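Student: What follows is a structure written as structure tokens; I'll ask about it next.
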Amino acid sequence: MVALSGRVFGKVDMATANVLVVAPDAAFGHSIAFALESGGFKVVLHRYVDEAFVSPDALDAACAVVDDDAIVDWKRSRELFDSFGKPVILLLNLLRSAPDLPVAKHLTKPFLGEPLIEAVLNVIAGQQ
């Protein structure tokens with residue numbers, strides 16, 4: 001069942017679905033947050049993955065949207081993503097190749113708001 005105007009997607013109440021947004025560049029993070037909030041999500045911002053995934057905000061998050069620049073140590077990325085235990089949308093620069101991260105859906109930058117909102121909806125619905 002999809003009803004965005006009523007803020008319901010499957011069994012997820014969009015008004016209570018927190019999305020953890022991780023981006024070191026404040027302006028980019030706020031742009032991502034704006035796009036997601038316009039889609040009805042509650043957003044919590046962090047700068048780096050290693051601090052975001054262990055924060056109290058991570059417990060309430062339905063998923064995370066992570067800018068590739070927010071990953072300080074790519075060698076630890078799989079461990080960090082696995083410890084988060086929830087779906088992750090990884091925003092990748094065209095020139096960067098990420099390691100195989102089974103919990104991550106890749107979205108290439110630059111993108112428009114609609115593909116990001118759709119990706120978040122899909123990963124949250126798949127989590128149920």
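Just remember, in the structure tokens the first chain shown is A, the second B, etc., residues are 1-based per chain, and ligands are 1-based in the order shown.
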Taking 2 positions as the minimum chain separation for residues in the same chain, which residues sit within 8 Å of A:Pro87 when counting only C-alpha atoms? Answer as a list in words.
Tutor: Ala62, Cys63, Ala64, Gly85, Ile89, Val103, Ala104, Lys105, Val123, Ile124 and Gln127 of chain A
Student: Running DSSP on the backbone, which parts of stretch 6-125 of chain A land in strand (DSSP E or B), as a PyMOL selection string?
Tutor: chain A and resi 8-9+12-13+18-22+42-46+61-67+88-92+104-108
Student: Skipping near chain neighbours, those fewer than 3 positions away, what residues fall within 7 Å of stretch 81-84 of chain A using only C-alpha atoms, listed as a list in words?
Tutor: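 Surrounding residues, per the criterion: Phe53, Ser77 and Arg78 of chain A.
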Student: Give the answer as one residue: which of A:Ser55, A:Asn122, A:Asn18, A:Asn93 has the shortest atom-to-atom distance to A:Asp69, using only C-alpha atoms?
Tutor: A:Asn93
Student: Report, in Å with one decimal, the straight-line distance from atom CA of A:Leu80 to atom CA of A:Val49.
Tutor: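 Atom CA of A:Leu80 sits 7.6 Å away from atom CA of A:Val49.
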Student: Need the shell around A:Pro110: protein/DNA/RNA residues with any atom at most 12 Å away, counting only C-alpha atoms. Skip same-chain ones fewer than 4 positions apart. Format as a list of chain:residue names?
Tutor: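 My list of contacting residues is A:Phe28, A:Ser31, A:Ile32, A:Asp67, A:Leu91, A:Leu92, A:Asn93, A:Leu94, A:Leu95, A:Pro115, A:Leu116.
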Student: Neighbours of A:Ala23 within 8 Å (only C-alpha atoms; same-chain residues fewer than 2 positions away dropped), as a PDB file with N, CA and C atoms, in the first residue's frame?
Tutor:
ATOM      1  N   VAL A  21      21.030  10.997   7.902  1.00  0.00           N
ATOM      2  CA  VAL A  21      21.759  11.553   6.764  1.00  0.00           C
ATOM      3  C   VAL A  21      23.173  11.862   7.228  1.00  0.00           C
ATOM      4  N   ASP A  25      29.921  17.711   4.316  1.00  0.00           N
ATOM      5  CA  ASP A  25      29.677  19.062   3.823  1.00  0.00           C
ATOM      6  C   ASP A  25      28.290  19.491   4.302  1.00  0.00           C
ATOM      7  N   ALA A  26      28.237  20.506   5.151  1.00  0.00           N
ATOM      8  CA  ALA A  26      26.973  20.937   5.756  1.00  0.00           C
ATOM      9  C   ALA A  26      25.931  21.333   4.707  1.00  0.00           C
ATOM     10  N   PHE A  28      25.632  20.326   1.585  1.00  0.00           N
ATOM     11  CA  PHE A  28      25.138  19.131   0.906  1.00  0.00           C
ATOM     12  C   PHE A  28      24.208  18.339   1.825  1.00  0.00           C
ATOM     13  N   GLY A  29      24.583  18.206   3.094  1.00  0.00           N
ATOM     14  CA  GLY A  29      23.743  17.509   4.060  1.00  0.00           C
ATOM     15  C   GLY A  29      22.379  18.163   4.197  1.00  0.00           C
ATOM     16  N   LEU A  45      20.838  14.722  10.994  1.00  0.00           N
ATOM     17  CA  LEU A  45      22.104  14.929  10.285  1.00  0.00           C
ATOM     18  C   LEU A  45      23.323  14.587  11.146  1.00  0.00           C
ATOM     19  N   HIS A  46      24.304  13.982  10.492  1.00  0.00           N
ATOM     20  CA  HIS A  46      25.618  13.719  11.095  1.00  0.00           C
ATOM     21  C   HIS A  46      26.667  13.979  10.029  1.00  0.00           C
ATOM     22  N   ARG A  47      27.916  14.150  10.463  1.00  0.00           N
ATOM     23  CA  ARG A  47      28.992  14.446   9.514  1.00  0.00           C
ATOM     24  C   ARG A  47      29.745  13.215   9.028  1.00  0.00           C
ATOM     25  N   TYR A  48      29.969  12.221   9.914  1.00  0.00           N
ATOM     26  CA  TYR A  48      30.778  11.061   9.530  1.00  0.00           C
ATOM     27  C   TYR A  48      30.109   9.760   9.965  1.00  0.00           C
ATOM     28  N   VAL A  66      24.092   8.022   3.048  1.00  0.00           N
ATOM     29  CA  VAL A  66      25.482   8.336   3.353  1.00  0.00           C
ATOM     30  C   VAL A  66      26.203   8.858   2.121  1.00  0.00           C
ATOM     31  N   ASP A  67      26.763  10.054   2.243  1.00  0.00           N
ATOM     32  CA  ASP A  67      27.620  10.609   1.205  1.00  0.00           C
ATOM     33  C   ASP A  67      28.953   9.863   1.260  1.00  0.00           C
ATOM     34  N   ASP A  68      29.496   9.473   0.129  1.00  0.00           N
ATOM     35  CA  ASP A  68      30.747   8.715   0.119  1.00  0.00           C
ATOM     36  C   ASP A  68      31.899   9.468   0.797  1.00  0.00           C
ATOM     37  N   ASP A  69      31.838  10.795   0.821  1.00  0.00           N
ATOM     38  CA  ASP A  69      32.877  11.577   1.497  1.00  0.00           C
ATOM     39  C   ASP A  69      32.798  11.465   3.025  1.00  0.00           C
ATOM     40  N   ALA A  70      31.706  10.908   3.547  1.00  0.00           N
ATOM     41  CA  ALA A  70      31.534  10.758   4.997  1.00  0.00           C
ATOM     42  C   ALA A  70      32.206   9.494   5.526  1.00  0.00           C
TER      43      ALA A  70
END
Student: What separation in Å, quoted to one decimal, exists between atom CA of A:Gly126 and atom CA of A:Glu79?
Tutor: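 Between atom CA of A:Gly126 and atom CA of A:Glu79 the gap works out to 21.3 Å.
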Student: Which is closest to A:Ala61 among A:Val44, A:Gly39, A:Pro24, A:Leu90, if we use only C-alpha atoms?
Tutor: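 Of A:Val44, A:Gly39, A:Pro24, A:Leu90, the one nearest A:Ala61 is A:Val44, counting only C-alpha atoms.
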Student: If I take atom CA of A:Asp60 and atom CA of A:Lys86, how far is one from the other in Å, to one decimal?
Tutor: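 Pair atom CA of A:Asp60 / atom CA of A:Lys86 returns 10.4 Å.
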Student: Let me make sure I understand: among A:Asp73, A:Ala125, A:Asp100, A:Val120, which one has the smallest atom-to-atom distance to A:Glu37 if we use only C-alpha atoms?
Tutor: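 Ranking A:Asp73, A:Ala125, A:Asp100, A:Val120 by distance to A:Glu37, first place goes to A:Val120.
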Student: Ranking A:Ile71, A:His30, A:His106, A:Ser38 by minimum distance to A:Asp50 and counting only C-alpha atoms, which one comes first?
Tutor: A:Ile71
